[in-house]
Structures are given as C-alpha cells and as structure tokens.
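Engineer: Dropping in start.cif, which is mmCIF, C-alpha atoms:
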```cif
data_start
loop_
_atom_site.label_atom_id
_atom_site.label_comp_id
_atom_site.auth_asym_id
_atom_site.auth_seq_id
_atom_site.Cartn_x
_atom_site.Cartn_y
_atom_site.Cartn_z
CA MET A 1 165.03 87.29 49.57
CA GLN A 2 166.04 89.66 52.35
CA ASP A 3 164.38 92.57 50.48
CA VAL A 4 161.16 90.59 50.28
CA LYS A 5 161.30 89.92 54.02
CA ASP A 6 161.93 93.60 54.74
CA ARG A 7 158.98 94.69 52.59
CA LEU A 8 156.76 92.11 54.25
CA ALA A 9 157.80 93.32 57.70
CA ARG A 10 156.98 96.92 56.76
CA GLU A 11 153.55 95.89 55.45
CA VAL A 12 152.80 93.94 58.64
CA ALA A 13 153.93 96.87 60.80
CA LYS A 14 151.62 99.39 59.09
CA ASP A 15 148.40 98.32 60.79
CA CYS A 16 149.86 97.03 64.07
CA LYS A 17 149.65 99.10 67.21
CA THR A 18 150.20 96.42 69.89
CA VAL A 19 152.04 93.13 70.31
CA GLU A 20 148.67 91.38 70.08
CA ASP A 21 148.06 93.03 66.71
CA VAL A 22 151.41 91.68 65.51
CA HIS A 23 150.55 88.21 66.77
CA ASN A 24 147.12 88.19 65.09
CA THR A 25 148.53 89.53 61.81
CA LEU A 26 151.31 86.95 61.75
CA LYS A 27 148.82 84.23 62.60
CA ASP A 28 146.67 85.21 59.63
CA LEU A 29 149.75 85.44 57.40
CA PHE A 30 150.85 82.01 58.59
CA ARG A 31 147.41 80.56 57.77
CA ARG A 32 147.37 82.13 54.31
CA THR A 33 150.88 80.87 53.56
CA LEU A 34 149.93 77.32 54.55
CA GLN A 35 146.76 77.60 52.46
CA GLU A 36 148.74 78.76 49.43
CA ILE A 37 151.15 75.82 49.83
CA LEU A 38 148.20 73.41 49.98
CA GLU A 39 146.77 74.86 46.76
CA THR A 40 150.18 74.53 45.07
CA GLU A 41 150.46 70.91 46.20
CA MET A 42 147.03 70.16 44.74
CA SER A 43 148.02 71.74 41.41
CA ASP A 44 151.20 69.64 41.35
CA HIS A 45 149.15 66.54 42.15
CA LEU A 46 146.62 67.15 39.38
CA GLY A 47 149.13 68.47 36.86
CA TYR A 48 147.30 71.72 36.09
CA GLU A 49 146.49 75.05 37.79
CA LYS A 50 143.13 75.89 39.31
CA HIS A 51 140.46 76.83 36.70
CA SER A 52 142.78 75.74 33.86
CA VAL A 53 141.19 74.18 30.75
CA GLU A 54 143.90 71.51 30.95
CA GLY A 55 141.81 69.88 33.63
CA ASN A 56 138.93 69.12 31.29
CA ASN A 57 138.49 65.36 30.84
CA SER A 58 141.77 64.78 32.74
CA GLY A 59 140.27 62.00 34.84
CA ASN A 60 140.62 63.86 38.12
CA SER A 61 139.74 67.31 39.38
CA ARG A 62 139.31 69.46 42.48
CA ASN A 63 136.38 68.51 44.70
CA GLY A 64 135.97 71.26 47.28
CA TYR A 65 137.57 71.42 50.72
CA SER A 66 137.48 69.82 54.14
CA ARG A 67 137.98 71.93 57.26
CA LYS A 68 140.80 71.08 59.62
CA THR A 69 142.08 72.77 62.79
CA ILE A 70 145.73 72.27 63.70
CA GLN A 71 147.80 73.34 66.70
CA THR A 72 150.75 75.58 65.87
CA ARG A 73 153.12 77.92 67.66
CA MET A 74 150.64 80.65 66.71
CA GLY A 75 147.83 78.80 68.47
CA GLU A 76 144.91 77.10 66.72
CA THR A 77 144.82 77.57 62.95
CA GLU A 78 141.90 76.56 60.74
CA LEU A 79 142.72 75.40 57.21
CA ALA A 80 140.73 74.38 54.17
CA ILE A 81 142.32 71.16 52.90
CA PRO A 82 141.75 70.71 49.13
CA ARG A 83 140.18 67.45 47.96
CA ASP A 84 140.27 65.68 44.60
CA ARG A 85 137.47 63.57 43.14
CA ASN A 86 139.54 60.38 43.14
CA GLY A 87 140.45 60.82 46.82
CA GLU A 88 144.16 60.44 46.06
CA PHE A 89 145.48 63.81 47.23
CA GLU A 90 147.77 63.62 50.28
CA PRO A 91 149.17 67.01 51.39
CA HIS A 92 152.83 66.95 52.39
CA ILE A 93 153.07 70.02 54.59
CA ILE A 94 150.15 68.86 56.77
CA LYS A 95 149.73 65.11 56.73
CA LYS A 96 146.25 63.62 56.37
CA TYR A 97 145.81 62.71 60.03
CA GLU A 98 148.23 65.24 61.48
CA LYS A 99 146.81 67.89 63.78
CA ASN A 100 150.08 69.30 65.04
CA ALA A 101 152.33 71.45 62.88
CA SER A 102 154.96 72.25 65.50
CA GLU A 103 155.72 68.93 67.17
CA LEU A 104 153.78 69.86 70.28
CA GLU A 105 153.37 66.21 71.16
CA GLN A 106 157.15 65.76 71.30
CA GLN A 107 157.40 68.87 73.46
CA ILE A 108 154.75 67.57 75.86
CA ILE A 109 156.54 64.22 76.10
CA ALA A 110 159.87 66.01 76.70
CA MET A 111 158.36 68.11 79.49
CA TYR A 112 156.75 65.02 81.02
CA ALA A 113 160.12 63.23 80.87
CA LYS A 114 161.72 66.06 82.86
CA GLY A 115 159.21 65.58 85.66
CA MET A 116 156.77 68.41 84.93
CA SER A 117 153.31 67.77 86.32
CA THR A 118 150.29 67.69 84.02
CA ARG A 119 149.16 70.95 85.62
CA ASP A 120 152.50 72.60 84.82
CA ILE A 121 152.37 71.30 81.24
CA GLU A 122 148.83 72.61 80.87
CA ALA A 123 149.89 76.08 82.10
CA HIS A 124 152.98 76.08 79.87
CA MET A 125 150.99 75.22 76.75
CA ARG A 126 148.44 77.93 77.53
CA ASP A 127 151.05 80.62 78.24
CA ILE A 128 153.37 79.90 75.32
CA TYR A 129 151.04 78.61 72.59
CA GLY A 130 147.63 79.84 73.70
CA ILE A 131 146.10 76.35 73.65
CA ASP A 132 144.39 74.25 76.31
CA VAL A 133 145.92 70.85 77.05
CA SER A 134 143.98 68.78 79.58
CA ALA A 135 145.46 66.17 81.88
CA GLU A 136 143.62 63.53 79.83
CA LEU A 137 145.24 64.77 76.62
CA VAL A 138 148.71 64.74 78.23
CA SER A 139 148.08 61.16 79.31
CA LYS A 140 146.94 60.14 75.82
CA ILE A 141 149.96 61.79 74.21
CA THR A 142 152.47 60.23 76.63
CA ASP A 143 150.74 56.84 76.24
CA LYS A 144 152.17 56.81 72.73
CA VAL A 145 155.58 55.93 74.22
CA MET A 146 154.31 52.63 75.68
CA PRO A 147 155.29 50.61 72.56
CA LEU A 148 158.77 52.13 72.92
CA VAL A 149 158.85 51.05 76.57
CA THR A 150 158.06 47.47 75.56
CA GLU A 151 160.61 47.54 72.75
CA TRP A 152 163.31 48.95 75.06
CA GLN A 153 162.59 46.38 77.80
CA CYS A 154 162.91 43.56 75.24
CA ARG A 155 165.92 44.86 73.29
CA PRO A 156 168.96 42.60 72.76
CA LEU A 157 171.79 43.00 75.27
CA GLU A 158 175.55 42.45 75.24
CA ARG A 159 176.90 38.91 75.53
CA ILE A 160 179.03 39.62 78.61
CA TYR A 161 178.78 42.18 81.41
CA PRO A 162 181.78 42.32 83.77
CA ILE A 163 179.68 44.00 86.48
CA VAL A 164 175.96 44.48 87.08
CA PHE A 165 174.39 46.43 89.94
CA LEU A 166 170.94 45.71 91.32
CA ASP A 167 168.78 47.87 93.55
CA ALA A 168 165.17 48.97 94.02
CA ILE A 169 163.44 52.33 94.20
CA HIS A 170 159.93 52.56 95.65
CA PHE A 171 156.88 54.46 94.40
CA LYS A 172 153.25 54.89 95.41
CA VAL A 173 150.76 53.40 92.92
CA ARG A 174 146.97 53.26 93.01
CA LYS A 175 145.47 49.78 93.01
CA ASP A 176 141.83 48.83 93.63
CA ASN A 177 140.94 52.25 95.09
CA ARG A 178 143.87 52.24 97.49
CA ILE A 179 147.50 53.29 97.35
CA VAL A 180 150.18 50.62 97.59
CA THR A 181 153.96 50.77 97.53
CA LYS A 182 155.60 49.16 94.54
CA ALA A 183 159.27 48.77 93.74
CA ALA A 184 160.99 49.43 90.45
CA TYR A 185 163.87 46.95 90.38
CA SER A 186 166.74 48.26 88.26
CA VAL A 187 169.61 46.32 86.73
CA LEU A 188 172.51 48.56 85.69
CA GLY A 189 175.29 46.91 83.71
CA LEU A 190 178.85 47.89 82.87
CA ASP A 191 179.86 46.51 79.47
CA VAL A 192 183.40 45.54 78.52
CA GLN A 193 184.07 49.17 77.48
CA GLY A 194 183.11 50.32 80.98
CA ARG A 195 180.00 52.16 79.80
CA LYS A 196 176.87 52.15 81.95
CA ASP A 197 173.48 51.03 80.68
CA ILE A 198 170.16 50.20 82.30
CA LEU A 199 169.49 46.63 81.21
CA GLY A 200 165.90 46.67 82.39
CA ILE A 201 163.38 47.83 84.99
CA TRP A 202 160.83 45.48 86.52
CA ILE A 203 157.84 46.64 88.55
CA GLY A 204 156.77 44.42 91.46
CA GLU A 205 155.29 44.39 94.95
CA SER A 206 157.49 41.75 96.54
CA GLU A 207 160.88 40.12 96.15
CA THR A 208 160.92 36.35 95.79
CA ALA A 209 163.29 33.82 94.28
CA SER A 210 160.77 33.17 91.49
CA PHE A 211 160.57 36.89 90.68
CA TRP A 212 164.35 37.17 90.42
CA LEU A 213 164.49 33.95 88.45
CA SER A 214 162.20 35.52 85.84
CA VAL A 215 164.45 38.62 85.73
CA CYS A 216 167.61 36.53 85.26
CA ASN A 217 165.94 34.42 82.58
CA ASP A 218 164.81 37.60 80.84
CA LEU A 219 168.42 38.83 80.71
CA LYS A 220 169.57 35.47 79.38
CA ASN A 221 166.84 35.34 76.73
CA ARG A 222 167.91 38.80 75.53
CA GLY A 223 171.44 37.60 74.85
CA VAL A 224 173.37 37.82 78.14
CA GLU A 225 175.60 34.74 78.40
CA ASP A 226 177.76 35.66 81.37
CA ILE A 227 177.99 38.12 84.27
CA LEU A 228 181.27 38.23 86.15
CA ILE A 229 180.17 40.10 89.30
CA ALA A 230 176.72 41.08 90.58
CA SER A 231 176.71 43.83 93.22
CA LYS A 232 173.40 43.98 95.06
CA ASP A 233 171.52 45.33 98.04
CA GLY A 234 169.91 42.76 100.33
CA LEU A 235 167.47 41.57 97.67
CA THR A 236 165.54 38.53 98.91
CA GLY A 237 165.87 35.48 96.68
CA PHE A 238 168.30 37.02 94.21
CA SER A 239 171.35 34.90 95.06
CA GLU A 240 169.49 31.63 94.52
CA ALA A 241 168.01 32.87 91.23
CA ILE A 242 171.24 34.15 89.66
CA ASN A 243 173.15 31.04 90.73
CA SER A 244 170.68 28.90 88.79
CA VAL A 245 170.89 31.01 85.60
CA PHE A 246 174.49 32.33 85.76
CA PRO A 247 176.20 29.82 88.08
CA ARG A 248 179.71 31.31 87.67
CA THR A 249 178.71 34.83 88.75
CA SER A 250 180.34 36.17 91.93
CA ILE A 251 177.88 38.00 94.22
CA GLN A 252 178.88 41.03 96.28
CA LEU A 253 176.47 42.27 98.94
CA CYS A 254 176.60 46.05 99.39
CA VAL A 255 178.78 46.74 102.43
CA ILE A 256 177.33 50.23 102.91
CA HIS A 257 173.79 48.83 103.16
CA GLN A 258 175.01 46.23 105.64
CA ILE A 259 176.54 48.96 107.80
CA ARG A 260 173.34 51.06 107.67
CA ASN A 261 171.26 48.05 108.70
CA SER A 262 173.67 47.34 111.54
CA MET A 263 173.40 50.87 112.90
CA LYS A 264 169.65 50.37 113.44
CA TYR A 265 170.44 48.02 116.33
CA ILE A 266 173.17 50.08 117.95
CA SER A 267 172.56 52.78 120.55
CA PHE A 268 173.58 56.30 119.63
CA LYS A 269 176.39 56.50 122.21
CA ASP A 270 177.99 53.31 120.86
CA ARG A 271 177.79 54.08 117.15
CA LYS A 272 181.09 55.91 116.89
CA PRO A 273 183.27 53.19 118.50
CA VAL A 274 181.35 50.43 116.70
CA MET A 275 181.93 52.14 113.34
CA ALA A 276 185.63 52.52 114.11
CA ASP A 277 185.90 48.78 114.76
CA LEU A 278 183.83 47.87 111.69
CA LYS A 279 186.18 49.93 109.52
CA GLN A 280 188.97 47.58 110.53
CA VAL A 281 186.88 44.79 108.99
CA TYR A 282 185.68 46.18 105.66
CA GLN A 283 188.76 48.33 105.00
CA ALA A 284 191.21 45.48 105.61
CA ALA A 285 193.85 44.84 102.96
CA THR A 286 193.18 41.11 102.70
CA LEU A 287 190.46 38.60 103.56
CA ASP A 288 192.62 37.12 106.35
CA GLU A 289 192.97 40.55 107.95
CA ALA A 290 189.22 41.12 107.63
CA GLU A 291 188.45 37.77 109.30
CA PHE A 292 190.84 38.51 112.15
CA ALA A 293 189.35 42.01 112.63
CA PHE A 294 185.84 40.53 112.67
CA GLU A 295 186.80 38.01 115.36
CA MET A 296 188.07 40.92 117.47
CA PHE A 297 184.82 42.78 116.75
CA LYS A 298 182.75 39.79 117.92
CA GLU A 299 184.69 39.47 121.16
CA LYS A 300 184.18 43.16 121.95
CA TRP A 301 180.55 43.68 120.85
CA GLY A 302 179.03 40.20 120.53
CA LYS A 303 177.20 40.12 123.86
CA LYS A 304 175.88 43.66 123.54
CA PHE A 305 174.76 43.50 119.90
CA PRO A 306 174.14 39.83 119.00
CA LEU A 307 171.77 40.70 116.11
CA VAL A 308 174.51 42.71 114.40
CA ILE A 309 177.02 39.89 114.75
CA ARG A 310 174.54 37.30 113.48
CA SER A 311 173.73 39.43 110.40
CA TRP A 312 177.39 39.82 109.45
CA GLU A 313 178.04 36.12 109.98
CA ASN A 314 175.02 35.09 107.85
CA ASN A 315 176.12 37.35 104.99
CA TRP A 316 179.88 36.97 105.39
CA LEU A 317 180.59 35.14 102.12
CA GLU A 318 178.77 37.72 99.97
CA LEU A 319 180.06 40.66 102.02
CA THR A 320 183.70 39.69 101.46
CA THR A 321 183.69 38.80 97.74
CA TYR A 322 185.48 42.05 96.88
CA PHE A 323 188.64 41.00 98.78
CA ALA A 324 189.47 38.72 95.82
CA PHE A 325 189.99 41.77 93.58
CA PRO A 326 192.45 44.66 93.33
CA ARG A 327 191.61 48.07 94.76
CA GLU A 328 190.26 49.56 91.49
CA ILE A 329 187.61 46.83 91.21
CA ARG A 330 186.90 46.81 94.93
CA ARG A 331 185.90 50.47 94.82
CA LEU A 332 183.35 49.69 92.14
CA ILE A 333 181.70 46.59 93.56
CA TYR A 334 181.71 46.88 97.37
CA THR A 335 178.73 49.26 97.18
CA THR A 336 175.73 49.66 94.90
CA ASN A 337 176.35 53.42 94.75
CA THR A 338 176.53 53.30 90.92
CA VAL A 339 172.87 52.27 90.58
CA GLU A 340 171.85 54.37 93.61
CA ALA A 341 173.19 57.48 91.85
CA TYR A 342 170.88 56.65 88.95
CA HIS A 343 167.98 56.26 91.38
CA ARG A 344 168.73 59.65 92.94
CA GLN A 345 168.44 61.25 89.49
CA LEU A 346 165.24 59.30 88.90
CA ARG A 347 163.82 60.57 92.19
CA LYS A 348 164.53 64.19 91.22
CA ILE A 349 162.48 63.77 88.06
CA THR A 350 159.58 61.91 89.67
CA LYS A 351 159.35 63.95 92.90
CA THR A 352 156.28 65.84 91.65
CA LYS A 353 154.31 62.58 91.40
CA THR A 354 152.81 61.69 94.79
CA ALA A 355 151.11 58.55 93.45
CA PHE A 356 150.84 56.97 90.01
CA PRO A 357 147.38 55.92 88.75
CA THR A 358 148.61 52.65 87.21
CA ASP A 359 151.69 50.49 86.77
CA ASP A 360 151.87 51.63 83.14
CA ALA A 361 151.93 55.28 84.23
CA LEU A 362 154.90 54.43 86.45
CA ARG A 363 156.66 52.51 83.65
CA LYS A 364 156.10 55.43 81.30
CA ILE A 365 157.73 58.10 83.48
CA VAL A 366 160.57 55.79 84.59
CA TYR A 367 161.35 54.97 80.94
CA LEU A 368 161.23 58.60 79.79
CA ALA A 369 163.34 59.73 82.76
CA THR A 370 165.84 56.94 82.09
CA MET A 371 166.21 58.05 78.47
CA GLU A 372 166.99 61.58 79.71
CA ILE A 373 169.49 60.37 82.32
CA THR A 374 171.35 57.91 80.08
CA LYS A 375 171.95 60.51 77.36
CA LYS A 376 174.97 61.62 79.40
CA TRP A 377 176.37 58.10 79.85
CA THR A 378 178.84 58.29 76.99
CA MET A 379 182.16 57.73 78.79
CA PRO A 380 183.50 54.68 80.66
CA VAL A 381 183.55 54.73 84.46
CA GLN A 382 186.64 56.03 86.21
CA ASN A 383 189.76 53.80 86.13
CA TRP A 384 188.08 51.32 83.80
CA ALA A 385 191.30 50.63 81.86
CA GLU A 386 192.91 49.23 85.03
CA CYS A 387 189.74 47.28 85.90
CA ILE A 388 189.35 45.57 82.53
CA SER A 389 193.05 44.67 82.52
CA GLN A 390 192.55 42.87 85.84
CA PHE A 391 189.40 41.18 84.56
CA ALA A 392 191.29 39.98 81.47
CA ILE A 393 193.87 38.31 83.71
CA GLN A 394 191.37 36.73 86.13
CA TYR A 395 188.64 35.85 83.60
CA GLY A 396 190.56 35.45 80.36
CA ASP A 397 188.59 32.42 79.17
CA ARG A 398 185.20 34.02 79.93
CA LEU A 399 186.08 37.32 78.27
CA SER A 400 187.49 35.78 75.11
CA GLY A 401 186.00 37.37 72.03
CA ALA A 402 184.37 40.20 74.02
CA LEU A 403 187.39 42.51 74.24
#
```
Would you put the structure from the file into structure tokens?

Structural biologist:
Amino acid sequence: MQDVKDRLAREVAKDCKTVEDVHNTLKDLFRRTLQEILETEMSDHLGYEKHSVEGNNSGNSRNGYSRKTIQTRMGETELAIPRDRNGEFEPHIIKKYEKNASELEQQIIAMYAKGMSTRDIEAHMRDIYGIDVSAELVSKITDKVMPLVTEWQCRPLERIYPIVFLDAIHFKVRKDNRIVTKAAYSVLGLDVQGRKDILGIWIGESETASFWLSVCNDLKNRGVEDILIASKDGLTGFSEAINSVFPRTSIQLCVIHQIRNSMKYISFKDRKPVMADLKQVYQAATLDEAEFAFEMFKEKWGKKFPLVIRSWENNWLELTTYFAFPREIRRLIYTTNTVEAYHRQLRKITKTKTAFPTDDALRKIVYLATMEITKKWTMPVQNWAECISQFAIQYGDRLSGAL
C-alpha cells in the first residue's frame, strides 16, 4: 500500500510547479476517486458491472446521472451521481441529501459555540476551505440545534439536589425594532456526588413570583423531588415560589451581593470601617455572635446609613441560613459564586455578540456555550466528601435512597 502511495505522489508531483497546482491536482484526484467509488456502489447495487451482459433483462439497470455539488476540504466538488431505473440506488459515501463530505456543518456549529462571530466564521471558511458561507447560512446551520435545546431543557433530572444556585445574566435582544435587555436565569445544581450541572436556563424580561413558580414547577415535573438548600441572588419572588413547590428547602441569600448593594449607599470615606464592622457579622462563628455583632453595627451606623440597616434587617433570615451548617457547607452556600463563575465563562463566549436578533438566537448560543463549558465538569466540587457526610447526618431521612 505504501508503494502505491509513493508512486501516486510521484505522478502527482510530475506536473506540479506551485502549491496551487498541487491543490488543483489533488482536488481532481479526490473527485475521480469519489466518482469511482460511486460507480462501484452502483455495480454492487445492481449485481453486475457496467456494460455487462448480465444486466440484460435483470429488472433494473443504470439510468444516467444527476449532478451534485458538495462542499469538501478541497472546496466545491461536482459529482455525477449514478441513477438506476427503479430509483432504488442510495449511495453510501455521499448520502442522497448530503451536501457536505467533511462535516463542515459540525465545524461551523463548533466555531459558533466558541463565540466566533458570523463574519469570523465566514472568513475562516473562505481561507481554509475556499468556500463562501453567508451569515444567513450560518444561522440556518446553527438553527439545527434548536431541537436539541428543547430536548436538553426538558430532560429528566435527579430526584434530589443537596444544593442549587440561582442567578441571572443579562443580554441585549432585538424586539419590535428596538433593543431590550433580557435575563437568562440559570439554575445550577450540585447532585449527591457533588458534580455540577446546569438544570435549565429560562429567558425572561422580568422577575415575578409567577415566573419563578413556573421554573420551580418545571424542575418538579422533570423529576426533582427535593432541594435541600437554594443559594440565590436577590431574585424577586423566588422565595415565595420555591416555598410553595419545595416547602422544606432552606434559602440562603448571597451575602456578597448583599454587601455590594450595601456599599452603594455608603460614602467612600466610610466604606473601609463599615466593611470591617460588617465582617464581624457575616464571619461570626455562630448565629448568636452574628446577631450580637449586628446589634453593635446598628448602634454605630444606624443613624448615618438607615437604608443599609433596613436592608439587612429585612433579609436577615435568608442572609443567616448558612450559620446552621459546618464551615465546609458554609463556604459553598453563603455566595452564588459557583453559578457566577459559570456566567463569567458564558460572558467570554458571548462577548462578540452586541445584540441578539431573537430570543431563539440567544437560547442557541447559550445552549452551545453551556455544552462547551460543562464538558469540563467531571469532578465533584472541593471538599464534597465532608459536605455530603454532614448532609447525611442533618438530612438523613430526605437523602435516603439517593446516596
């Protein structure tokens, strides 16, 4: 076989003076090879060679050719697809409706998933394969993933999730000839093995209790029976919704978001001492210590920053849920950093998109980017063995059969 390849290479090299000559010769050789394979497939299908007398009165015979242009790594290649009189011949090397011999569609989808703009994809296809790919064609090709998006969003989930994280990331989307801001609400779950998974992404313009109720019911309908802890940003209406669907779930409001919101109302010169006093609250060893430190904080800063005090008091129950757990679990749930890290990766991939033409276009890129990101989520989160041991002690009845 190697000798044949060597002889072929020498024959090709004889008449080639430039790289372009080599490319054109190989392209022609590639076309002829495909054509020969098609003829062989037709002979196998009919049971006799071309022009053979065995075909007389056989009930089927060759019936000319149909022209077909396919995209290959060599560029466009025109083939003559053999036909039989009974219309039964189906070539194997180039399927009947296939126009792509080198999985270019998968490559375009992969590039789109990595955040490449349609202009970049168009330039890449032209430079590497010598073919023109318009923005419309890229859109049509990537639209083929929409059934996968629907299937993924409706897939069955685990029965129990010890922890789920909820947060939103915002994008610009065109609507009625104007650009509006829409949020992609993400739910990231940790299963009993400590592995991360995106349970779903919901696109919406506003947060309401009814919206979150539909999300919680969606999770329940897909098989989720229990959630031990939900760590969230200040999502309007979520607490009421999850309490109606998963009434035994403990809710932890992100402490880091609470601190950031508090800093908006504090003058620059006071931020350092205020932060030092707040640390005594959220870094306390026990809930009693945290309550005592907060009383001291109120006495010192209450008159100067009443809005900050009122916010902490209104959210106190959900801000202090993590004090009921050991340090390993506290580190996981007191902030939504786990889902925010996912959103940062998502933002890197989508940064080339200034505005999406439709909600479906947004769903498409978020899904493809999520598939890329989650490929690396194969290991449990840090210190999960200690965490699940604590959960087993505190929630033994609710975790029965899941471990």

Engineer: Selected by the PyMOL selection byres ((chain A and resi 132-148) around 9) in the shown coordinates: which residues, as an MDAnalysis selection string?

Structural biologist: chainID A and resid 105:106 108:109 112 118:119 121:123 125:126 129:131 149:153 360:361 363:365 367:368

Engineer: What is the distance between CA of Ala276 (chain A) and CA of Met296 (chain A), in Å to one decimal?

Structural biologist: 12.3 Å

Engineer: Run the PyMOL selection byres ((chain A and resi 231) around 9) against the file shown and list the residues it catches, as a list in words.

Structural biologist: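 Residues picked by the PyMOL selection byres ((chain A and resi 231) around 9): Ile163, Val164, Phe165, Leu166, Asp167, Ile229, Ala230, Lys232, Asp233, Ser250, Ile251, Gln252, Leu253, Cys254, Leu332, Ile333, Tyr334, Thr335 and Thr336 of chain A.
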
Engineer: In Å, rounded to a single decimal, give me how far CA of Asn63 (chain A) is from CA of Gln35 (chain A).

Structural biologist: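 We find that CA of Gln35 (chain A) and CA of Asn63 (chain A) lie 15.8 Å from each other.
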
Engineer: What gap, in Å, lies between CA of Ile179 (chain A) and CA of Gly204 (chain A)?

Structural biologist: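 Computed distance, CA of Ile179 (chain A) to CA of Gly204 (chain A), equals 14.1 Å.
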
Engineer: Please expand the PyMOL selection byres ((chain A and resi 83) around 6) into the concrete residues it hits in this file, giving the result as a PyMOL selection string.

Structural biologist: chain A and resi 62-65+82+84

Engineer: Using only C-alpha atoms, please write the residues we just selected to a file, as a compact mmCIF listing (two decimals), in the coordinates of the input.

Structural biologist:
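Result went into again28.txt, see below:
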```txt
# COMPACT_ATOMS: atom_id res chain seq x y z
CA ARG A 62 139.31 69.46 42.48
CA ASN A 63 136.38 68.51 44.70
CA GLY A 64 135.97 71.26 47.28
CA TYR A 65 137.57 71.42 50.72
CA PRO A 82 141.75 70.71 49.13
CA ASP A 84 140.27 65.68 44.60
```

Engineer: Per residue of region 96-209 of chain A within 7 Å of region 342-350 of chain A, which atom pair is closest and at what distance in Å (one decimal), using only C-alpha atoms, listed by chain and increasing number, as CSV?

Structural biologist:
```
residue,atom,partner,partner_atom,distance
A:Lys114,CA,A:Ile349,CA,5.7
A:Gly115,CA,A:Ile349,CA,4.4
A:Ile169,CA,A:His343,CA,6.6
```

Engineer: Within 7 Å of Ser186 (chain A), counting all atoms listed in the file, which residues qualify if same-chain residues fewer than 2 places away don't, as number ranges by chain?

Structural biologist: A: 166-168, 184, 188, 200-202

Engineer: Considering all atoms listed in the file, state which residue in the set A:Ile227, A:Ala241, A:Ile203, A:Leu190 is at the smallest distance from Leu399 (chain A).

Structural biologist: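 Of all the options, A:Ile227 lies closest to Leu399 (chain A).
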
Engineer: Identify which of the residues A:Ser389, A:Ser262, A:Gln283, A:Thr352 lies closest to Met116 (chain A), counting only C-alpha atoms when measuring atom-to-atom distances.

Structural biologist: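 Smallest separation from Met116 (chain A) among the options: A:Thr352.
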
Engineer: Neighbours of Phe297 (chain A) within 12 Å (only C-alpha atoms; same-chain residues fewer than 2 positions away dropped), as a list in words?

Structural biologist: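 Result of the neighbour search: Pro273, Val274, Met275, Ala276, Asp277, Leu278, Lys279, Gln280, Val281, Tyr282, Ala290, Glu291, Phe292, Ala293, Phe294, Glu295, Glu299, Lys300, Trp301, Gly302, Lys303, Lys304, Phe305, Pro306, Val308, Ile309, Trp312 and Glu313 of chain A.
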